[in-house]
$ cat final_10.txt   # compact mmCIF, C-alpha atoms and all ligand atoms
# COMPACT_ATOMS: atom_id res chain seq x y z
CA MET R 14 -27.21 38.11 -9.44
CA PRO R 15 -30.42 39.98 -8.84
CA THR R 16 -31.01 42.05 -11.89
CA LYS R 17 -31.62 45.70 -11.45
CA THR R 18 -35.00 45.23 -13.05
CA HIS R 19 -36.92 44.73 -9.89
CA ASN R 20 -38.73 47.74 -8.76
CA VAL R 21 -38.01 47.61 -5.05
CA THR R 22 -36.23 50.95 -5.17
CA GLN R 23 -39.55 52.65 -5.77
CA THR R 24 -42.46 53.10 -3.37
CA LEU R 25 -45.82 51.49 -3.99
CA ALA R 26 -47.23 54.91 -4.75
CA GLN R 27 -44.56 55.46 -7.39
CA LEU R 28 -45.47 52.08 -8.85
CA GLY R 29 -49.11 53.15 -9.01
CA ILE R 30 -50.31 50.56 -6.56
CA THR R 31 -53.25 51.64 -4.47
CA ARG R 32 -55.31 48.50 -3.87
CA PRO R 33 -54.34 45.27 -1.98
CA ALA R 34 -55.37 43.23 -5.03
CA GLN R 35 -52.49 44.78 -7.01
CA LEU R 36 -49.95 43.36 -4.56
CA ALA R 37 -50.24 39.72 -5.62
CA PRO R 38 -48.72 40.13 -9.12
CA LEU R 39 -46.04 42.46 -7.70
CA PHE R 40 -44.87 39.86 -5.17
CA ALA R 41 -45.29 37.09 -7.76
CA ASP R 42 -42.81 38.92 -10.03
CA LEU R 43 -40.38 39.22 -7.11
CA ARG R 44 -40.65 35.47 -6.39
CA ALA R 45 -40.07 34.65 -10.03
CA GLU R 46 -36.93 36.77 -10.01
CA PHE R 47 -35.84 35.13 -6.75
CA ALA R 48 -36.33 31.68 -8.30
CA ARG R 49 -34.06 32.66 -11.25
CA ASP R 50 -31.38 33.93 -8.87
CA ALA R 51 -31.66 30.77 -6.74
CA ALA R 52 -31.18 28.56 -9.79
CA ALA R 53 -28.01 30.49 -10.73
CA ALA R 54 -26.41 30.02 -7.26
CA SER R 55 -24.41 26.92 -8.18
CA ASP R 56 -21.24 27.22 -6.08
CA GLU R 57 -20.20 28.71 -2.77
CA ALA R 58 -19.24 32.13 -4.15
CA SER R 59 -22.38 32.64 -6.24
CA TRP R 60 -24.52 31.35 -3.35
CA LYS R 61 -23.03 33.98 -0.99
CA ALA R 62 -23.69 36.77 -3.49
CA PHE R 63 -27.24 35.42 -3.93
CA ARG R 64 -27.80 35.34 -0.16
CA ASP R 65 -26.47 38.89 0.33
CA ALA R 66 -28.49 40.21 -2.58
CA TRP R 67 -31.71 39.00 -0.99
CA LEU R 68 -31.05 38.95 2.75
CA GLY R 69 -28.28 41.56 3.12
CA ARG R 70 -29.10 43.84 6.08
CA ARG R 71 -28.20 47.10 4.29
CA SER R 72 -29.38 46.74 0.76
CA GLY R 73 -30.78 43.25 0.31
CA VAL R 74 -34.03 43.00 -1.59
CA LEU R 75 -36.00 42.25 1.59
CA THR R 76 -34.57 45.32 3.31
CA GLN R 77 -35.51 47.44 0.33
CA VAL R 78 -39.03 46.01 0.27
CA THR R 79 -39.32 46.87 3.96
CA ASP R 80 -37.95 50.37 3.50
CA ASN R 81 -39.57 51.29 0.19
CA TRP R 82 -42.81 49.30 0.09
CA LEU R 83 -43.82 48.54 3.65
CA LYS R 84 -42.75 51.57 5.66
CA PRO R 85 -44.22 54.27 3.38
CA ALA R 86 -47.35 52.22 2.54
CA PRO R 87 -50.68 53.92 3.19
CA PRO R 88 -52.69 52.43 6.07
CA GLU R 89 -55.08 50.59 3.78
CA LEU R 90 -52.19 48.65 2.16
CA LYS R 91 -49.89 48.19 5.14
CA ARG R 92 -51.42 45.00 6.53
CA ALA R 93 -51.47 43.24 3.15
CA VAL R 94 -47.89 44.35 2.30
CA GLY R 95 -46.73 43.22 5.76
CA GLN R 96 -48.38 39.85 5.25
CA ALA R 97 -46.95 39.38 1.74
CA LEU R 98 -43.49 40.47 2.93
CA ASN R 99 -43.56 37.97 5.82
CA ASP R 100 -44.50 35.17 3.43
CA LEU R 101 -41.77 36.26 1.03
CA ARG R 102 -39.19 36.42 3.86
CA ALA R 103 -40.07 32.90 5.04
CA HIS R 104 -39.82 31.63 1.47
CA VAL R 105 -36.51 33.40 0.79
CA GLU R 106 -34.92 32.24 4.06
CA ALA R 107 -36.00 28.64 3.54
CA GLU R 108 -34.88 28.63 -0.08
CA VAL R 109 -31.49 30.29 0.63
CA GLU R 110 -30.84 27.61 3.25
CA ALA R 111 -31.96 24.87 0.87
CA ARG R 112 -29.60 26.22 -1.82
CA ARG R 113 -26.75 26.23 0.69
CA ALA R 114 -27.33 22.56 1.45
CA ALA R 115 -27.57 21.74 -2.26
CA VAL R 116 -24.38 23.66 -3.15
CA GLU R 117 -22.49 21.98 -0.29
CA ALA R 118 -23.72 18.54 -1.26
CA ALA R 119 -22.71 19.14 -4.87
CA ALA R 120 -19.25 20.28 -3.78
CA ALA R 121 -18.82 17.22 -1.55
CA GLN R 122 -19.96 14.96 -4.35
CA ALA R 123 -17.50 16.56 -6.79
CA ALA R 124 -14.68 16.22 -4.25
CA SER R 125 -15.40 12.59 -3.58
CA GLN R 126 -15.48 11.90 -7.31
CA ARG R 127 -12.21 13.76 -7.78
CA GLU R 128 -10.55 11.87 -4.92
CA ALA R 129 -12.10 8.50 -5.60
CA LEU R 130 -9.78 5.47 -5.68
CA ASP R 131 -9.97 3.51 -8.85
CA LEU R 132 -9.71 -0.01 -7.49
CA SER R 133 -9.55 -1.45 -10.98
CA LEU R 134 -6.17 0.21 -11.69
CA PRO R 135 -3.23 -2.22 -11.64
CA GLY R 136 -1.03 -1.81 -8.53
CA VAL R 137 2.61 -0.72 -8.47
CA ARG R 138 4.63 -3.91 -8.46
CA ARG R 139 7.94 -3.53 -6.67
CA PRO R 140 10.24 -6.38 -7.58
CA ILE R 141 11.31 -8.23 -4.45
CA GLY R 142 15.00 -9.02 -4.43
CA THR R 143 16.59 -12.29 -3.36
CA ARG R 144 19.51 -13.03 -1.12
CA HIS R 145 22.80 -13.04 -3.03
CA LEU R 146 24.09 -16.54 -3.75
CA ILE R 147 27.08 -15.89 -1.45
CA ARG R 148 24.70 -14.98 1.38
CA GLN R 149 22.62 -18.09 0.67
CA THR R 150 25.76 -20.23 0.77
CA PHE R 151 26.84 -18.63 4.07
CA GLU R 152 23.45 -19.54 5.52
CA GLU R 153 23.54 -23.13 4.20
CA ILE R 154 26.92 -23.69 5.84
CA GLU R 155 25.94 -21.92 9.05
CA ARG R 156 22.80 -24.04 9.34
CA ILE R 157 24.82 -27.27 9.24
CA PHE R 158 27.19 -26.15 11.99
CA LEU R 159 24.39 -24.65 14.08
CA SER R 160 22.77 -28.11 14.00
CA LEU R 161 26.03 -29.49 15.48
CA GLY R 162 25.91 -27.02 18.37
CA TYR R 163 28.30 -24.40 16.99
CA THR R 164 27.77 -20.67 17.59
CA VAL R 165 28.21 -18.02 14.88
CA VAL R 166 30.68 -15.24 15.77
CA GLU R 167 31.51 -12.16 13.70
CA GLY R 168 34.16 -9.50 14.02
CA PRO R 169 36.09 -6.63 12.43
CA GLU R 170 37.58 -6.70 8.93
CA ILE R 171 40.31 -4.25 9.99
CA GLU R 172 42.75 -6.04 12.26
CA THR R 173 46.19 -5.73 13.80
CA PRO R 174 49.13 -7.85 12.60
CA TYR R 175 49.09 -9.49 16.03
CA TYR R 176 45.63 -11.05 15.64
CA ASN R 177 45.96 -11.75 11.93
CA PHE R 178 49.47 -13.26 12.06
CA GLU R 179 51.47 -13.42 15.31
CA ALA R 180 48.83 -15.07 17.50
CA LEU R 181 48.31 -17.62 14.75
CA ASN R 182 51.94 -18.64 14.97
CA ILE R 183 52.96 -16.65 11.88
CA PRO R 184 55.84 -14.43 13.06
CA GLU R 185 57.20 -11.60 10.91
CA HIS R 186 59.30 -12.91 7.99
CA HIS R 187 57.50 -16.27 8.09
CA PRO R 188 57.10 -17.46 4.48
CA ALA R 189 53.35 -17.99 5.06
CA ARG R 190 53.00 -14.20 5.02
CA ASP R 191 53.92 -14.18 1.32
CA THR R 192 50.78 -16.15 0.41
CA MET R 193 48.69 -13.91 2.69
CA ASP R 194 49.86 -10.52 1.51
CA THR R 195 47.18 -7.97 2.24
CA PHE R 196 46.30 -4.28 2.38
CA TYR R 197 47.82 -2.11 5.12
CA LEU R 198 46.19 1.01 6.46
CA THR R 199 48.77 3.62 7.36
CA MET R 200 47.59 6.30 9.75
CA PRO R 201 48.09 9.82 8.42
CA PRO R 202 50.90 11.71 10.23
CA GLY R 203 49.58 13.42 13.35
CA VAL R 204 46.99 10.76 14.16
CA PRO R 205 47.76 9.38 17.67
CA GLU R 206 48.24 5.84 16.41
CA SER R 207 50.77 6.72 13.68
CA GLY R 208 54.08 5.07 14.45
CA ALA R 209 52.27 2.11 16.02
CA PRO R 210 52.09 -1.12 13.99
CA PRO R 211 49.84 -0.49 10.99
CA HIS R 212 46.37 -1.95 10.79
CA LEU R 213 45.53 -4.31 7.95
CA LEU R 214 42.58 -5.93 6.23
CA ARG R 215 42.30 -9.44 7.68
CA THR R 216 43.39 -12.28 5.37
CA HIS R 217 41.20 -14.83 7.16
CA THR R 218 38.60 -14.75 9.93
CA SER R 219 40.96 -16.55 12.36
CA PRO R 220 41.61 -13.29 14.29
CA MET R 221 38.07 -13.51 15.62
CA GLN R 222 38.71 -17.07 16.79
CA VAL R 223 41.79 -15.87 18.66
CA ARG R 224 39.72 -13.03 20.18
CA THR R 225 37.00 -15.49 21.21
CA MET R 226 39.50 -17.79 22.97
CA GLU R 227 41.06 -14.77 24.73
CA LYS R 228 37.62 -13.82 26.06
CA GLN R 229 36.03 -17.14 26.95
CA PRO R 230 37.29 -20.31 28.62
CA PRO R 231 37.01 -23.65 26.80
CA PRO R 232 35.03 -25.47 25.55
CA VAL R 233 34.72 -23.49 22.31
CA ARG R 234 32.65 -24.46 19.29
CA ILE R 235 32.36 -21.53 16.89
CA ILE R 236 32.27 -20.67 13.24
CA VAL R 237 33.29 -17.23 11.99
CA PRO R 238 31.84 -16.08 8.67
CA GLY R 239 32.95 -12.89 6.98
CA LYS R 240 34.79 -10.94 4.30
CA VAL R 241 38.54 -11.41 3.98
CA TYR R 242 41.18 -9.70 1.81
CA ARG R 243 44.34 -10.72 -0.05
CA ARG R 244 46.61 -8.89 -2.45
CA ASP R 245 45.51 -10.97 -5.43
CA ASN R 246 44.89 -9.96 -9.02
CA PRO R 247 41.30 -10.69 -10.02
CA ASP R 248 40.65 -13.60 -12.35
CA SER R 249 38.06 -16.36 -12.59
CA THR R 250 39.28 -17.99 -9.35
CA HIS R 251 40.80 -15.03 -7.45
CA SER R 252 39.52 -11.83 -5.91
CA PHE R 253 41.16 -9.32 -3.55
CA MET R 254 38.04 -9.66 -1.39
CA PHE R 255 36.29 -12.96 -0.84
CA HIS R 256 34.27 -14.74 1.80
CA GLN R 257 35.38 -17.24 4.37
CA ILE R 258 33.99 -19.36 7.15
CA GLU R 259 36.43 -20.62 9.71
CA GLY R 260 35.52 -23.14 12.36
CA LEU R 261 37.07 -23.96 15.70
CA ALA R 262 36.33 -26.66 18.26
CA VAL R 263 38.41 -26.80 21.44
CA ASP R 264 37.78 -29.00 24.47
CA THR R 265 39.61 -31.40 26.78
CA ASP R 266 39.06 -34.54 24.72
CA ILE R 267 38.77 -33.64 21.04
CA THR R 268 40.57 -36.10 18.78
CA PHE R 269 41.46 -36.38 15.11
CA CYS R 270 38.45 -38.72 14.84
CA ASP R 271 36.11 -35.90 15.91
CA PHE R 272 37.79 -33.70 13.31
CA LYS R 273 37.34 -36.31 10.54
CA GLY R 274 33.76 -37.12 11.52
CA THR R 275 32.76 -33.47 11.61
CA VAL R 276 34.34 -32.83 8.21
CA GLU R 277 32.63 -35.84 6.62
CA TYR R 278 29.26 -34.94 8.11
CA PHE R 279 29.55 -31.33 6.97
CA VAL R 280 30.63 -32.22 3.40
CA SER R 281 27.86 -34.79 2.96
CA GLN R 282 25.26 -32.33 4.32
CA PHE R 283 26.43 -29.58 1.98
CA PHE R 284 27.21 -31.49 -1.23
CA GLY R 285 24.97 -34.53 -0.75
CA PRO R 286 25.39 -38.10 0.57
CA LYS R 287 27.05 -39.41 -2.62
CA VAL R 288 30.15 -37.26 -2.14
CA LYS R 289 33.07 -38.95 -0.38
CA THR R 290 35.91 -37.10 1.36
CA ARG R 291 39.59 -37.71 1.87
CA LEU R 292 42.25 -35.96 3.91
CA ARG R 293 45.59 -35.11 2.33
CA PRO R 294 48.60 -34.02 4.38
CA SER R 295 49.29 -30.30 4.23
CA TYR R 296 50.89 -27.50 6.19
CA PHE R 297 49.57 -24.44 8.04
CA PRO R 298 51.50 -22.62 10.75
CA PHE R 299 48.46 -22.73 13.03
CA THR R 300 47.56 -26.45 12.79
CA GLU R 301 49.52 -29.63 13.42
CA PRO R 302 48.89 -31.99 11.77
CA SER R 303 47.34 -30.10 8.86
CA ALA R 304 45.22 -31.45 6.05
CA GLU R 305 43.51 -30.53 2.81
CA VAL R 306 39.97 -31.87 2.61
CA ASP R 307 39.15 -33.21 -0.85
CA ALA R 308 35.77 -34.42 -2.11
CA THR R 309 34.97 -36.77 -4.95
CA CYS R 310 34.19 -34.74 -8.05
CA HIS R 311 30.49 -33.85 -8.05
CA VAL R 312 30.48 -33.82 -11.84
CA CYS R 313 31.94 -37.30 -12.62
CA GLU R 314 31.45 -38.78 -9.12
CA GLY R 315 35.13 -39.73 -9.02
CA SER R 316 35.66 -41.35 -12.41
CA GLY R 317 37.62 -38.38 -13.77
CA CYS R 318 36.61 -35.43 -15.96
CA ARG R 319 37.76 -32.00 -17.12
CA ILE R 320 36.45 -30.31 -13.96
CA CYS R 321 38.61 -32.45 -11.61
CA LYS R 322 41.50 -32.55 -14.11
CA PHE R 323 40.85 -36.32 -14.42
CA SER R 324 41.86 -36.98 -10.81
CA GLY R 325 38.34 -37.74 -9.56
CA TRP R 326 38.95 -35.38 -6.60
CA ILE R 327 38.29 -31.72 -5.92
CA GLU R 328 40.13 -29.75 -3.25
CA LEU R 329 37.59 -28.21 -0.83
CA PHE R 330 39.35 -26.58 2.12
CA GLY R 331 42.20 -26.61 4.62
CA ALA R 332 42.00 -27.81 8.19
CA GLY R 333 43.87 -29.49 11.01
CA MET R 334 44.37 -29.95 14.72
CA VAL R 335 45.06 -26.61 16.41
CA ASP R 336 48.81 -26.09 16.92
CA PRO R 337 49.65 -25.92 20.66
CA ALA R 338 51.56 -22.70 19.99
CA VAL R 339 48.21 -20.97 19.31
CA TYR R 340 46.90 -22.01 22.75
CA ASP R 341 49.91 -20.33 24.36
CA PHE R 342 49.00 -17.00 22.76
CA VAL R 343 45.48 -17.06 24.28
CA ASN R 344 46.51 -18.51 27.64
CA TYR R 345 44.78 -21.82 27.08
CA ASP R 346 46.39 -24.87 28.71
CA ALA R 347 47.99 -26.62 25.72
CA LYS R 348 48.66 -29.76 27.77
CA ARG R 349 45.04 -30.23 28.77
CA LEU R 350 43.26 -29.01 25.62
CA SER R 351 42.96 -30.17 22.04
CA GLY R 352 40.85 -29.19 19.10
CA PHE R 353 40.52 -28.77 15.38
CA ALA R 354 40.06 -25.85 13.04
CA PHE R 355 39.26 -25.31 9.41
CA GLY R 356 38.93 -22.49 6.94
CA LEU R 357 36.85 -22.60 3.79
CA GLY R 358 36.20 -20.22 0.95
CA VAL R 359 32.47 -19.56 0.66
CA ASP R 360 32.85 -18.28 -2.91
CA ARG R 361 34.64 -21.48 -3.92
CA PHE R 362 31.93 -23.59 -2.26
CA ALA R 363 29.24 -21.69 -4.19
CA LEU R 364 31.18 -22.09 -7.48
CA LEU R 365 31.45 -25.84 -6.94
CA LYS R 366 27.92 -26.48 -5.70
CA TYR R 367 26.15 -24.41 -8.33
CA GLY R 368 28.45 -25.14 -11.29
CA ILE R 369 29.64 -21.54 -11.78
CA ASN R 370 32.95 -20.97 -13.57
CA ASP R 371 33.87 -17.39 -12.65
CA ILE R 372 34.13 -15.92 -9.15
CA GLN R 373 33.85 -12.40 -10.64
CA LEU R 374 30.16 -13.07 -11.36
CA PHE R 375 29.56 -12.76 -7.61
CA PHE R 376 30.83 -9.19 -7.54
CA GLN R 377 29.39 -7.78 -10.78
CA ASN R 378 25.79 -7.73 -9.54
CA ASP R 379 24.39 -8.51 -12.98
CA ALA R 380 20.71 -9.18 -12.29
CA ARG R 381 20.62 -11.77 -15.11
CA PHE R 382 23.10 -13.83 -13.10
CA LEU R 383 21.64 -13.14 -9.65
CA ARG R 384 18.10 -14.00 -10.73
CA GLN R 385 19.18 -17.57 -11.50
CA PHE R 386 19.51 -18.17 -7.75
CA PRO R 387 16.21 -16.94 -6.27
C1 LIG A 401 43.40 -22.29 4.70
C2 LIG A 401 42.39 -22.91 5.51
C3 LIG A 401 42.50 -22.84 7.86
C4 LIG A 401 42.50 -22.61 10.21
C5 LIG A 401 42.21 -22.12 8.97
C6 LIG A 401 42.70 -21.88 12.53
C7 LIG A 401 42.31 -20.92 13.43
C8 LIG A 401 42.81 -20.97 14.70
C9 LIG A 401 43.67 -21.92 15.06
C10 LIG A 401 44.03 -22.86 14.13
CL1 LIG A 401 42.38 -19.78 15.81
N1 LIG A 401 43.55 -22.82 12.88
N2 LIG A 401 42.19 -21.83 11.30
C11 LIG A 401 43.06 -23.87 10.32
C12 LIG A 401 43.35 -24.59 9.17
C13 LIG A 401 43.09 -24.09 7.93
O1 LIG A 401 42.21 -22.24 6.69
O2 LIG A 401 43.57 -22.67 3.58
N3 LIG A 401 44.11 -21.33 5.28
C14 LIG A 401 45.20 -20.67 4.68

$ encode --input "final_10.txt" --output "C-alpha cells"
Amino acid sequence: MPTKTHNVTQTLAQLGITRPAQLAPLFADLRAEFARDAAAASDEASWKAFRDAWLGRRSGVLTQVTDNWLKPAPPELKRAVGQALNDLRAHVEAEVEARRAAVEAAAAQAASQREALDLSLPGVRRPIGTRHLIRQTFEEIERIFLSLGYTVVEGPEIETPYYNFEALNIPEHHPARDTMDTFYLTMPPGVPESGAPPHLLRTHTSPMQVRTMEKQPPPVRIIVPGKVYRRDNPDSTHSFMFHQIEGLAVDTDITFCDFKGTVEYFVSQFFGPKVKTRLRPSYFPFTEPSAEVDATCHVCEGSGCRICKFSGWIELFGAGMVDPAVYDFVNYDAKRLSGFAFGLGVDRFALLKYGINDIQLFFQNDARFLRQFP
C-alpha cells in the first residue's frame, strides 16, 4: 500500500516549495505513486486498502494533501495547489472506481472458470435394470388373459385357514393338506388374536378367488397372480416360496368346452402355435372333474427326449370345473352357475419356456443369470 515515502505529511514550506512552477513535479510524483498502488490492488481486500489509503476521510493521502499542502499554503500558491488537488482528486476517484470494476470483473471471471462445466467429460452411466424373468413371465401370462376379458386381482399372502383350505372344500384332516403344508404364524401370548385360529402363509392364490366371489356377484372372470408358500425343501424344482397364477371363470352357461378352449388358446399363445395340449384326469378337492393340462414337449415336439422322459408330453398345470361345494361357501347358486378354474406355477412356466434347469436361479439374483433375460 502507499509507501511512507510520499511527503504529504509535510507542508509546502517544509518541502521548500515557494513558486507555482514547483508544484507540477510534486503532483507528478504523487500520481506516479498512485499508479503503482493502483496496479497492486488486485483483489477485493487490497483494493479496499488502496481506496482507504488514498480517499480515507481521516488520513487518506487526499485528506493529508488538503490539510498539509492546501490549507497552510501561502496566498500566492493556494490557487494553483487547489487546482492541482482538484485534478488529482478527480483522477484518483475515477481510477479507484475503475480498479473496483476491474477487480470485480477478474473475480467473476475466476469464479466462472472455477465453476465451469466441462461438457467433454464422460457422463455417469447408471446401469438400468430389467424386470426379473419371473415378473416378465407374470406379465406375459396376464396379457393373454387380459385379452380374453379377464381382470387381474391381487391379495394378501397371510391368510386364515378358512380362506386357504375350508372354503376350498379342504376340511381339517383332509389328506390334501399334507401336500399343502405351510408356515403358520402364531400370535405371541397377550396379543388379542392369540387363541384364535392361527394365520398362515397361503399355499395358493385361491383364497383371493374365494374373497372375490364373496364380494361380487357372478359373472366372474379373474386371474390372481402372487407369491405362495409351501413347506418344501429347496432343490432344482422346489422352493418354499414360488409364484402362482390362478384363474377363475364363473357364469350361468360355462361348459367344459369353454374350459378346454380357453386352456388351448392360452397354451398356444404362451408356448407357440406348434404346441398341442391334452387333458389328463386328476383330482383336486375344489374342482370336479379335475384335470392336468399337458403340452407336447417343446424340445422334441412330441417325439420323445430326455426333457419329457421320452413320453413326448410335459405336465403344465392343474385345472377343472369348479366343485359345487365351493359355490356353497361363497353363497353362489350352485344349481344355476358353472365355471372352471386353474392354477399354474409361474416359475415352472419360466423354466419350461426359457430352457432353465434350476428354479433356485430365480432367487439367487446373480446378475450374470438375470442379464440373460433383458
Ligand atoms: C394345482 C392347480 C388349481 C384351482 C387351482 C380353484 C379355485 C377356486 C375354485 C376352484 Cl376358488 N379351483 N383353483 C383349480 C384347479 C387347480 O391349481 O395344482 N393345485 C394344487

$ residues_near_ligand --input "final_10.txt" --ligand "ligand LIG 401 (chain A)" --cutoff "9 Å" --atoms "all atoms listed in the file" --output "count of residues only"
47

$ atom_distance --input "final_10.txt" --atom1 "atom CA of Val306 of chain R" --atom2 "atom CA of Leu329 of chain R"
5.6 Å

$ closest_residue --input "final_10.txt" --among "R:Val359, R:Ala86, R:Ile147, R:Ala103" --to "Ile30 of chain R" --atoms "only C-alpha atoms"
R:Ala86

$ residues_around --input "final_10.txt" --residues "Glu153 of chain R" --least-positions-apart "5" --cutoff "12 Å" --atoms "only C-alpha atoms" --output "JSON, numbers by chain"
{"R": [146, 147, 148, 158, 159, 160, 238, 258, 279, 280, 282, 283, 284, 359, 362, 363, 366]}

$ closest_residue --input "final_10.txt" --among "R:Gly317, R:Leu28, R:Ser72, R:Val237" --to "Phe151 of chain R" --atoms "only C-alpha atoms"
R:Val237

$ closest_residue --input "final_10.txt" --among "R:Glu106, R:Val343, R:Pro85, R:Lys348" --to "Phe47 of chain R" --atoms "all atoms listed in the file"
R:Glu106

$ closest_atom_pairs --input "final_10.txt" --of "segment 223-339 of chain R" --to "segment 196-201 of chain R" --cutoff "9 Å" --atoms "only C-alpha atoms" --output "JSON lines"
{"residue": "R:Tyr242", "atom": "CA", "partner": "R:Phe196", "partner_atom": "CA", "distance": 7.5}
{"residue": "R:Arg243", "atom": "CA", "partner": "R:Phe196", "partner_atom": "CA", "distance": 7.2}
{"residue": "R:Arg244", "atom": "CA", "partner": "R:Phe196", "partner_atom": "CA", "distance": 6.7}

$ write_last_selection --input "final_10.txt" --atoms "C-alpha atoms" --output "PDB file, in the coordinates of the input"
ATOM      1  CA  TYR R 242      41.180  -9.700   1.810  1.00  0.00           C
ATOM      2  CA  ARG R 243      44.340 -10.720  -0.050  1.00  0.00           C
ATOM      3  CA  ARG R 244      46.610  -8.890  -2.450  1.00  0.00           C
TER       4      ARG R 244
END

$ residues_around --input "final_10.txt" --residues "Cys313 of chain R" --least-positions-apart "2" --cutoff "12 Å" --atoms "all atoms listed in the file" --output "PyMOL selection string"
chain R and resi 287-288+308-311+315-327

$ residues_around --input "final_10.txt" --residues "Val263 of chain R" --least-positions-apart "4" --cutoff "7 Å" --atoms "all atoms listed in the file" --output "ChimeraX atom specification"
/R:231-234,267,350-353

$ residues_around --input "final_10.txt" --residues "Asp56 of chain R" --least-positions-apart "3" --cutoff "7 Å" --atoms "all atoms listed in the file" --output "list in words"
Ser59, Trp60 and Val116 of chain R

$ atom_distance --input "final_10.txt" --atom1 "atom CA of Ala380 of chain R" --atom2 "atom CA of Gly136 of chain R"
23.3 Å

$ closest_residue --input "final_10.txt" --among "R:Gln149, R:Gln35, R:Gln27, R:Ser55" --to "Val94 of chain R" --atoms "all atoms listed in the file"
R:Gln35

$ atom_distance --input "final_10.txt" --atom1 "atom CA of Thr164 of chain R" --atom2 "atom CA of Ile372 of chain R"
27.9 Å

$ closest_residue --input "final_10.txt" --among "R:Val137, R:Leu132, R:Ile236, R:Val74" --to "Leu101 of chain R" --atoms "all atoms listed in the file"
R:Val74

$ build_atoms --input "final_10.txt" --residues "segment 195-214 of chain R" --atoms "N, CA and C atoms" --output "compact mmCIF listing (two decimals), in the coordinates of the input"
# COMPACT_ATOMS: atom_id res chain seq x y z
N THR R 195 48.47 -8.65 2.14
CA THR R 195 47.18 -7.97 2.24
C THR R 195 47.34 -6.46 2.14
N PHE R 196 46.32 -5.74 2.50
CA PHE R 196 46.30 -4.28 2.38
C PHE R 196 46.54 -3.68 3.76
N TYR R 197 47.51 -2.75 3.84
CA TYR R 197 47.82 -2.11 5.12
C TYR R 197 47.25 -0.71 5.14
N LEU R 198 46.74 -0.34 6.31
CA LEU R 198 46.19 1.01 6.46
C LEU R 198 47.18 1.82 7.27
N THR R 199 47.83 2.78 6.61
CA THR R 199 48.77 3.62 7.36
C THR R 199 48.01 4.84 7.87
N MET R 200 48.24 5.14 9.16
CA MET R 200 47.59 6.30 9.75
C MET R 200 48.25 7.56 9.21
N PRO R 201 47.48 8.56 8.88
CA PRO R 201 48.09 9.82 8.42
C PRO R 201 48.94 10.41 9.55
N PRO R 202 50.05 11.13 9.18
CA PRO R 202 50.90 11.71 10.23
C PRO R 202 50.06 12.62 11.13
N GLY R 203 50.33 12.57 12.43
CA GLY R 203 49.58 13.42 13.35
C GLY R 203 48.50 12.67 14.08
N VAL R 204 47.98 11.58 13.47
CA VAL R 204 46.99 10.76 14.16
C VAL R 204 47.70 10.01 15.29
N PRO R 205 47.10 9.99 16.50
CA PRO R 205 47.76 9.38 17.67
C PRO R 205 48.40 8.02 17.40
N GLU R 206 47.75 7.20 16.59
CA GLU R 206 48.24 5.84 16.41
C GLU R 206 49.40 5.74 15.42
N SER R 207 49.71 6.85 14.69
CA SER R 207 50.77 6.72 13.68
C SER R 207 52.09 6.44 14.39
N GLY R 208 52.86 5.55 13.79
CA GLY R 208 54.08 5.07 14.45
C GLY R 208 53.86 3.72 15.07
N ALA R 209 52.61 3.44 15.51
CA ALA R 209 52.27 2.11 16.02
C ALA R 209 52.19 1.15 14.85
N PRO R 210 52.19 -0.17 15.11
CA PRO R 210 52.09 -1.12 13.99
C PRO R 210 50.85 -0.82 13.16
N PRO R 211 50.97 -0.87 11.83
CA PRO R 211 49.84 -0.49 10.99
C PRO R 211 48.69 -1.49 11.13
N HIS R 212 47.50 -1.03 10.87
CA HIS R 212 46.37 -1.95 10.79
C HIS R 212 46.32 -2.54 9.39
N LEU R 213 45.61 -3.65 9.25
CA LEU R 213 45.53 -4.31 7.95
C LEU R 213 44.13 -4.87 7.74
N LEU R 214 43.83 -5.22 6.50
CA LEU R 214 42.58 -5.93 6.23
C LEU R 214 42.85 -7.41 6.46
